[in-house]
$ cat work16.cif   # mmCIF, C-alpha atoms
data_run
loop_
_atom_site.label_atom_id
_atom_site.label_comp_id
_atom_site.auth_asym_id
_atom_site.auth_seq_id
_atom_site.Cartn_x
_atom_site.Cartn_y
_atom_site.Cartn_z
CA MET A 1 -50.88 3.27 -18.63
CA VAL A 2 -50.34 4.67 -15.12
CA ARG A 3 -47.33 2.43 -14.65
CA ARG A 4 -45.82 3.66 -17.89
CA THR A 5 -46.36 7.27 -16.80
CA LYS A 6 -44.55 6.61 -13.51
CA GLU A 7 -41.66 4.99 -15.37
CA GLU A 8 -41.43 7.93 -17.74
CA ALA A 9 -41.50 10.36 -14.81
CA GLN A 10 -38.65 8.46 -13.15
CA GLU A 11 -36.67 8.48 -16.39
CA THR A 12 -37.14 12.25 -16.66
CA ARG A 13 -36.04 12.72 -13.04
CA ASN A 14 -32.93 10.60 -13.58
CA CYS A 15 -32.16 12.51 -16.78
CA LEU A 16 -32.35 15.80 -14.90
CA LEU A 17 -30.07 14.53 -12.13
CA ASP A 18 -27.56 13.10 -14.62
CA THR A 19 -27.55 16.45 -16.39
CA ALA A 20 -27.25 18.37 -13.12
CA GLU A 21 -24.09 16.42 -12.26
CA LYS A 22 -22.47 17.44 -15.52
CA VAL A 23 -23.57 21.09 -15.37
CA PHE A 24 -22.56 21.47 -11.71
CA GLN A 25 -19.17 19.99 -12.58
CA GLU A 26 -18.69 22.35 -15.52
CA LYS A 27 -20.04 25.60 -14.07
CA GLY A 28 -20.03 25.13 -10.30
CA VAL A 29 -23.14 24.96 -8.14
CA SER A 30 -23.51 28.68 -7.42
CA ARG A 31 -23.29 29.63 -11.11
CA THR A 32 -25.80 27.01 -12.25
CA SER A 33 -29.51 27.82 -12.54
CA LEU A 34 -32.44 25.47 -12.90
CA ASN A 35 -32.88 26.81 -16.41
CA ASP A 36 -29.30 25.78 -17.22
CA ILE A 37 -30.06 22.23 -16.12
CA ALA A 38 -33.39 22.05 -17.97
CA LYS A 39 -31.85 23.46 -21.15
CA ALA A 40 -28.90 21.05 -21.05
CA ALA A 41 -31.33 18.17 -20.57
CA GLY A 42 -33.48 19.32 -23.48
CA LEU A 43 -36.47 19.91 -21.20
CA THR A 44 -38.56 22.85 -20.05
CA ARG A 45 -38.37 24.71 -16.73
CA GLY A 46 -41.82 23.28 -16.00
CA ALA A 47 -40.41 19.77 -16.21
CA ILE A 48 -37.71 20.46 -13.65
CA TYR A 49 -40.15 22.23 -11.28
CA TRP A 50 -42.44 19.20 -11.51
CA HIS A 51 -39.72 17.10 -9.87
CA PHE A 52 -37.77 19.58 -7.74
CA LYS A 53 -38.63 22.61 -5.61
CA ASN A 54 -35.36 24.48 -6.20
CA LYS A 55 -31.67 24.04 -6.96
CA ALA A 56 -30.90 22.84 -3.44
CA ASP A 57 -33.50 20.10 -3.89
CA VAL A 58 -31.78 19.02 -7.12
CA PHE A 59 -28.37 19.06 -5.42
CA HIS A 60 -29.47 16.96 -2.44
CA ALA A 61 -31.27 14.47 -4.71
CA MET A 62 -28.06 14.16 -6.73
CA LEU A 63 -26.11 13.40 -3.55
CA GLU A 64 -28.64 10.83 -2.38
CA ARG A 65 -27.84 8.68 -5.42
CA VAL A 66 -24.16 8.37 -4.55
CA ILE A 67 -22.13 7.12 -1.60
CA LEU A 68 -18.92 9.12 -1.68
CA PRO A 69 -15.64 7.22 -1.18
CA VAL A 70 -14.90 8.20 2.43
CA GLU A 71 -18.55 7.64 3.41
CA GLU A 72 -18.33 3.88 2.95
CA THR A 73 -19.04 2.44 6.39
CA GLU A 74 -19.78 -1.20 5.55
CA ASN A 75 -17.30 -3.60 7.08
CA ARG A 76 -16.15 -5.49 3.99
CA GLY A 77 -13.35 -7.21 5.86
CA GLY A 78 -15.44 -9.98 7.39
CA ASP A 79 -13.31 -12.23 9.60
CA SER A 80 -10.14 -10.57 8.28
CA ALA A 81 -11.11 -7.42 10.20
CA THR A 82 -10.45 -9.33 13.43
CA GLU A 83 -7.85 -11.87 12.30
CA ASP A 84 -5.77 -9.39 10.29
CA PRO A 85 -6.83 -5.90 11.37
CA LEU A 86 -3.87 -4.16 9.74
CA GLY A 87 -4.70 -5.95 6.50
CA TYR A 88 -8.27 -4.74 6.90
CA VAL A 89 -7.11 -1.13 7.34
CA ARG A 90 -4.97 -1.46 4.21
CA THR A 91 -7.76 -3.08 2.17
CA ARG A 92 -10.31 -0.50 3.30
CA SER A 93 -7.99 2.39 2.43
CA LEU A 94 -7.24 0.98 -1.01
CA SER A 95 -10.93 0.26 -1.64
CA ILE A 96 -11.77 3.93 -1.06
CA LEU A 97 -9.02 5.10 -3.41
CA HIS A 98 -9.74 2.56 -6.14
CA ARG A 99 -13.46 3.36 -6.09
CA ALA A 100 -12.72 7.05 -6.50
CA ALA A 101 -10.48 6.23 -9.46
CA THR A 102 -12.77 3.78 -11.24
CA ASP A 103 -16.34 5.01 -10.57
CA PRO A 104 -17.00 7.98 -12.91
CA GLN A 105 -20.20 9.10 -11.16
CA CYS A 106 -18.62 8.89 -7.72
CA ARG A 107 -15.61 10.87 -8.95
CA ARG A 108 -17.81 13.48 -10.63
CA VAL A 109 -19.96 14.07 -7.54
CA PHE A 110 -16.90 14.12 -5.27
CA GLU A 111 -15.37 16.82 -7.45
CA ILE A 112 -18.57 18.86 -7.21
CA VAL A 113 -18.86 18.66 -3.42
CA ALA A 114 -15.12 19.15 -2.87
CA HIS A 115 -14.35 21.91 -5.37
CA LYS A 116 -17.54 23.27 -6.96
CA CYS A 117 -19.82 24.05 -4.02
CA GLU A 118 -19.98 26.64 -1.21
CA TYR A 119 -21.44 25.26 2.00
CA VAL A 120 -23.66 28.20 2.87
CA ASP A 121 -27.41 28.80 3.13
CA GLU A 122 -29.34 25.90 1.61
CA MET A 123 -26.13 23.93 0.97
CA ALA A 124 -25.15 23.89 4.66
CA PRO A 125 -26.52 20.34 5.21
CA VAL A 126 -23.88 19.07 2.77
CA HIS A 127 -21.21 20.21 5.21
CA GLU A 128 -22.96 18.24 7.96
CA ARG A 129 -22.97 15.16 5.74
CA HIS A 130 -19.21 15.56 5.19
CA VAL A 131 -18.58 15.82 8.92
CA GLU A 132 -20.65 12.71 9.62
CA GLY A 133 -18.96 10.74 6.83
CA ARG A 134 -15.54 11.76 8.11
CA ALA A 135 -16.43 10.71 11.65
CA GLN A 136 -17.59 7.28 10.50
CA CYS A 137 -14.50 6.71 8.37
CA LEU A 138 -12.20 7.82 11.21
CA LEU A 139 -13.97 5.48 13.62
CA LYS A 140 -13.46 2.47 11.33
CA LEU A 141 -9.80 3.31 10.76
CA GLU A 142 -9.14 3.92 14.46
CA GLN A 143 -10.81 0.65 15.42
CA GLY A 144 -8.69 -1.21 12.87
CA ILE A 145 -5.45 0.42 14.03
CA ARG A 146 -6.28 -0.21 17.69
CA ALA A 147 -6.95 -3.87 16.90
CA ALA A 148 -3.67 -4.06 14.97
CA ILE A 149 -1.86 -2.84 18.08
CA ASP A 150 -3.62 -5.46 20.20
CA LYS A 151 -2.56 -8.11 17.66
CA LYS A 152 1.04 -6.79 17.85
CA GLN A 153 0.96 -5.86 14.16
CA LEU A 154 1.85 -2.31 15.22
CA PRO A 155 3.86 -1.11 18.22
CA THR A 156 1.98 -0.05 21.35
CA SER A 157 3.58 3.40 21.05
CA VAL A 158 1.36 4.24 18.07
CA ASN A 159 -1.52 6.57 18.96
CA PRO A 160 -4.57 5.02 17.22
CA ARG A 161 -6.47 8.31 16.94
CA CYS A 162 -3.51 10.23 15.52
CA ALA A 163 -2.72 7.42 13.08
CA ALA A 164 -6.36 7.28 11.91
CA ILE A 165 -6.48 11.05 11.39
CA GLY A 166 -3.24 10.92 9.41
CA LEU A 167 -4.44 8.05 7.22
CA HIS A 168 -7.81 9.68 6.61
CA ALA A 169 -6.14 12.98 5.70
CA LEU A 170 -3.86 11.10 3.30
CA ILE A 171 -6.78 9.31 1.59
CA ASP A 172 -8.99 12.39 1.39
CA GLY A 173 -6.12 14.58 0.21
CA LEU A 174 -5.11 12.12 -2.49
CA ILE A 175 -8.63 12.04 -3.93
CA ARG A 176 -9.06 15.83 -3.74
CA ASN A 177 -5.77 16.47 -5.51
CA TRP A 178 -6.29 13.71 -8.07
CA VAL A 179 -9.68 15.02 -9.22
CA LEU A 180 -8.13 18.49 -9.64
CA GLY A 181 -5.80 17.09 -12.28
CA GLN A 182 -5.45 13.40 -13.02
CA ASN A 183 -2.00 13.89 -14.50
CA TYR A 184 -0.74 14.73 -10.99
CA PHE A 185 -0.20 11.00 -10.35
CA GLN A 186 -1.72 7.67 -11.36
CA LEU A 187 -4.12 6.89 -8.52
CA THR A 188 -4.94 3.36 -9.66
CA ASP A 189 -1.26 2.46 -10.13
CA GLU A 190 0.28 4.21 -7.11
CA ALA A 191 -2.38 3.80 -4.42
CA ASP A 192 -0.89 0.54 -3.08
CA MET A 193 2.60 2.01 -2.71
CA ILE A 194 1.32 5.19 -1.03
CA ILE A 195 -0.79 3.36 1.54
CA ASP A 196 1.94 0.78 2.19
CA THR A 197 4.45 3.59 2.76
CA PHE A 198 2.18 5.17 5.36
CA ILE A 199 1.59 1.88 7.17
CA ALA A 200 5.30 1.07 7.13
CA GLY A 201 5.94 4.48 8.67
CA LEU A 202 3.82 3.57 11.68
CA ARG A 203 6.39 0.89 12.53
CA THR A 204 9.49 3.11 12.53
CA GLU A 205 11.45 4.33 15.54
CA THR A 206 10.82 7.94 14.48
CA VAL A 207 7.08 7.43 14.85
CA LYS A 208 7.59 5.71 18.20
CA LYS A 209 9.67 8.58 19.58
CA THR A 210 7.34 11.26 18.19
CA THR A 211 4.32 9.52 19.67
CA ARG A 212 6.00 9.25 23.09
CA LEU A 213 6.83 12.96 23.03
CA HIS A 214 3.23 13.77 22.06
CA THR A 215 1.95 11.61 24.93
CA LYS A 216 4.26 13.33 27.43
CA LYS A 217 3.06 16.79 26.31
CA GLN A 218 -0.56 15.75 26.74
CA SER A 219 0.10 14.47 30.27
CA ARG A 220 1.62 17.78 31.41
#
$ encode --input "work16.cif" --output "structure tokens"
Amino acid sequence: MVRRTKEEAQETRNCLLDTAEKVFQEKGVSRTSLNDIAKAAGLTRGAIYWHFKNKADVFHAMLERVILPVEETENRGGDSATEDPLGYVRTRSLSILHRAATDPQCRRVFEIVAHKCEYVDEMAPVHERHVEGRAQCLLKLEQGIRAAIDKKQLPTSVNPRCAAIGLHALIDGLIRNWVLGQNYFQLTDEADMIIDTFIAGLRTETVKKTTRLHTKKQSR
């Protein structure tokens, strides 16, 4: 009987979090109350206060259930990350984009944190999570690009940090703009071409000259 009660409590908690995702997406975090979430879930305010202290507690619990696209830090490349580092960078970039396009919950939560939330007061820790996720993603991309240079897959004139920042900005910007309106472009169909275009650009003479100029300015 106790076990069943625990299972029912977990089901109620999950129901509230599922509902919170949808209400936050529709109304925005600041305009959503706990009563809105309880009502949409068909439950009482008492039920939501049994599981959560306040709206911030609901929001953070919702985030804990999801790893956002650019927060993926697992090295899925295996040996290819060292044997074909540029291929690893490409695969990792496409994996982030394809997950955003095909995982409804991930896409929904990303839209909330990117467009439906103000990072002030009790929501400030979300901003810190974004900064940490960005740092980890940048580190992985920079390591891959640096290894690609060592393997002579990219010219030595490429600045690994600048290239990683550019690629991250491209990935993050694509997802942010796509969730705003999915008719903007077909993310699942065009992701390969977009990433390949960026990588090809790293090999051009224009990039080589620009990078050399940037290096000279830094040395002055």
$ closest_residue --input "work16.cif" --among "A:Glu8, A:Gln186, A:Pro160, A:Asp192" --to "A:Ala147" --atoms "only C-alpha atoms"
A:Pro160
$ closest_residue --input "work16.cif" --among "A:Gln25, A:Asn14, A:Thr32, A:Thr91" --to "A:Ala114" --atoms "all atoms listed in the file"
A:Gln25
$ closest_atom_pairs --input "work16.cif" --of "stretch 93-165 of chain A" --to "stretch 193-204 of chain A" --cutoff "12 Å" --atoms "all atoms listed in the file" --output "CSV"
residue,atom,partner,partner_atom,distance
A:Ser93,CA,A:Ile195,CA,7.3
A:Leu94,CA,A:Ile195,CA,7.3
A:Ser95,CA,A:Ile195,CA,11.1
A:Ile96,CA,A:Ile195,CA,11.3
A:Leu97,CA,A:Ile195,CA,9.8
A:His98,CA,A:Ile195,CA,11.8
A:Ile145,CA,A:Ile199,CA,9.9
A:Ala148,CA,A:Ile199,CA,11.1
A:Ile149,CA,A:Arg203,CA,10.6
A:Lys152,CA,A:Arg203,CA,10.8
A:Gln153,CA,A:Arg203,CA,8.8
A:Leu154,CA,A:Arg203,CA,6.2
A:Pro155,CA,A:Arg203,CA,6.5
A:Thr156,CA,A:Arg203,CA,9.9
A:Ser157,CA,A:Arg203,CA,9.3
A:Val158,CA,A:Leu202,CA,6.9
A:Asn159,CA,A:Leu202,CA,9.5
A:Pro160,CA,A:Leu202,CA,10.2
A:Cys162,CA,A:Leu202,CA,10.6
A:Ala163,CA,A:Leu202,CA,7.7
A:Ala164,CA,A:Ile199,CA,10.7
$ atom_distance --input "work16.cif" --atom1 "atom CA of A:Glu128" --atom2 "atom CA of A:Asp36"
27.0 Å
$ closest_residue --input "work16.cif" --among "A:Tyr49, A:Ala191, A:Arg176, A:Arg134" --to "A:Thr12" --atoms "all atoms listed in the file"
A:Tyr49
$ atom_distance --input "work16.cif" --atom1 "atom CA of A:Leu68" --atom2 "atom CA of A:Arg129"
10.4 Å
$ atom_distance --input "work16.cif" --atom1 "atom CA of A:Asp18" --atom2 "atom CA of A:Ala135"
28.6 Å
$ residues_around --input "work16.cif" --residues "A:Lys140" --least-positions-apart "3" --cutoff "9 Å" --atoms "all atoms listed in the file" --output "PyMOL selection string"
chain A and resi 73+75+89+135-137+143-145+164
$ residues_near_point --input "work16.cif" --point "(-7.1, 9.9, 7.5)" --cutoff "10 Å" --atoms "only C-alpha atoms" --output "list in words"
Val70, Ser93, Arg134, Cys137, Leu138, Leu141, Glu142, Arg161, Cys162, Ala163, Ala164, Ile165, Gly166, Leu167, His168, Ala169, Leu170, Ile171, Asp172 and Gly173 of chain A
$ write_last_selection --input "work16.cif" --atoms "C-alpha atoms" --output "compact mmCIF listing (two decimals), in the frame of the given file"
# COMPACT_ATOMS: atom_id res chain seq x y z
CA VAL A 70 -14.90 8.20 2.43
CA SER A 93 -7.99 2.39 2.43
CA ARG A 134 -15.54 11.76 8.11
CA CYS A 137 -14.50 6.71 8.37
CA LEU A 138 -12.20 7.82 11.21
CA LEU A 141 -9.80 3.31 10.76
CA GLU A 142 -9.14 3.92 14.46
CA ARG A 161 -6.47 8.31 16.94
CA CYS A 162 -3.51 10.23 15.52
CA ALA A 163 -2.72 7.42 13.08
CA ALA A 164 -6.36 7.28 11.91
CA ILE A 165 -6.48 11.05 11.39
CA GLY A 166 -3.24 10.92 9.41
CA LEU A 167 -4.44 8.05 7.22
CA HIS A 168 -7.81 9.68 6.61
CA ALA A 169 -6.14 12.98 5.70
CA LEU A 170 -3.86 11.10 3.30
CA ILE A 171 -6.78 9.31 1.59
CA ASP A 172 -8.99 12.39 1.39
CA GLY A 173 -6.12 14.58 0.21
$ residues_around --input "work16.cif" --residues "A:Met123" --least-positions-apart "5" --cutoff "9 Å" --atoms "all atoms listed in the file" --output "PyMOL selection string"
chain A and resi 56+59-60+117-118
$ axis_aligned_box --input "work16.cif" --around "stretch 23-36 of chain A" --padding-each-side "5 Å" --output "AutoDock Vina command-line options"
--center_x -25.8 --center_y 24.8 --center_z -12.3 --size_x 24.2 --size_y 19.6 --size_z 19.8
$ resolve_selection --input "work16.cif" --expression "the PyMOL selection byres ((chain A and resi 20) around 9)" --output "list in words"
Cys15, Leu16, Leu17, Asp18, Thr19, Glu21, Lys22, Val23, Phe24, Gln25, Thr32, Leu34, Asp36, Ile37, Ala38, Ala40, Ala41, Val58, Phe59 and Met62 of chain A
$ closest_residue --input "work16.cif" --among "A:Ser33, A:Leu187, A:Pro85, A:Phe110" --to "A:Asn54" --atoms "all atoms listed in the file"
A:Ser33
$ closest_residue --input "work16.cif" --among "A:Asp103, A:Glu71, A:Asp189, A:Asp150" --to "A:Glu132" --atoms "all atoms listed in the file"
A:Glu71
$ closest_residue --input "work16.cif" --among "A:Lys27, A:Gln182, A:Val113, A:Leu174" --to "A:His130" --atoms "all atoms listed in the file"
A:Val113
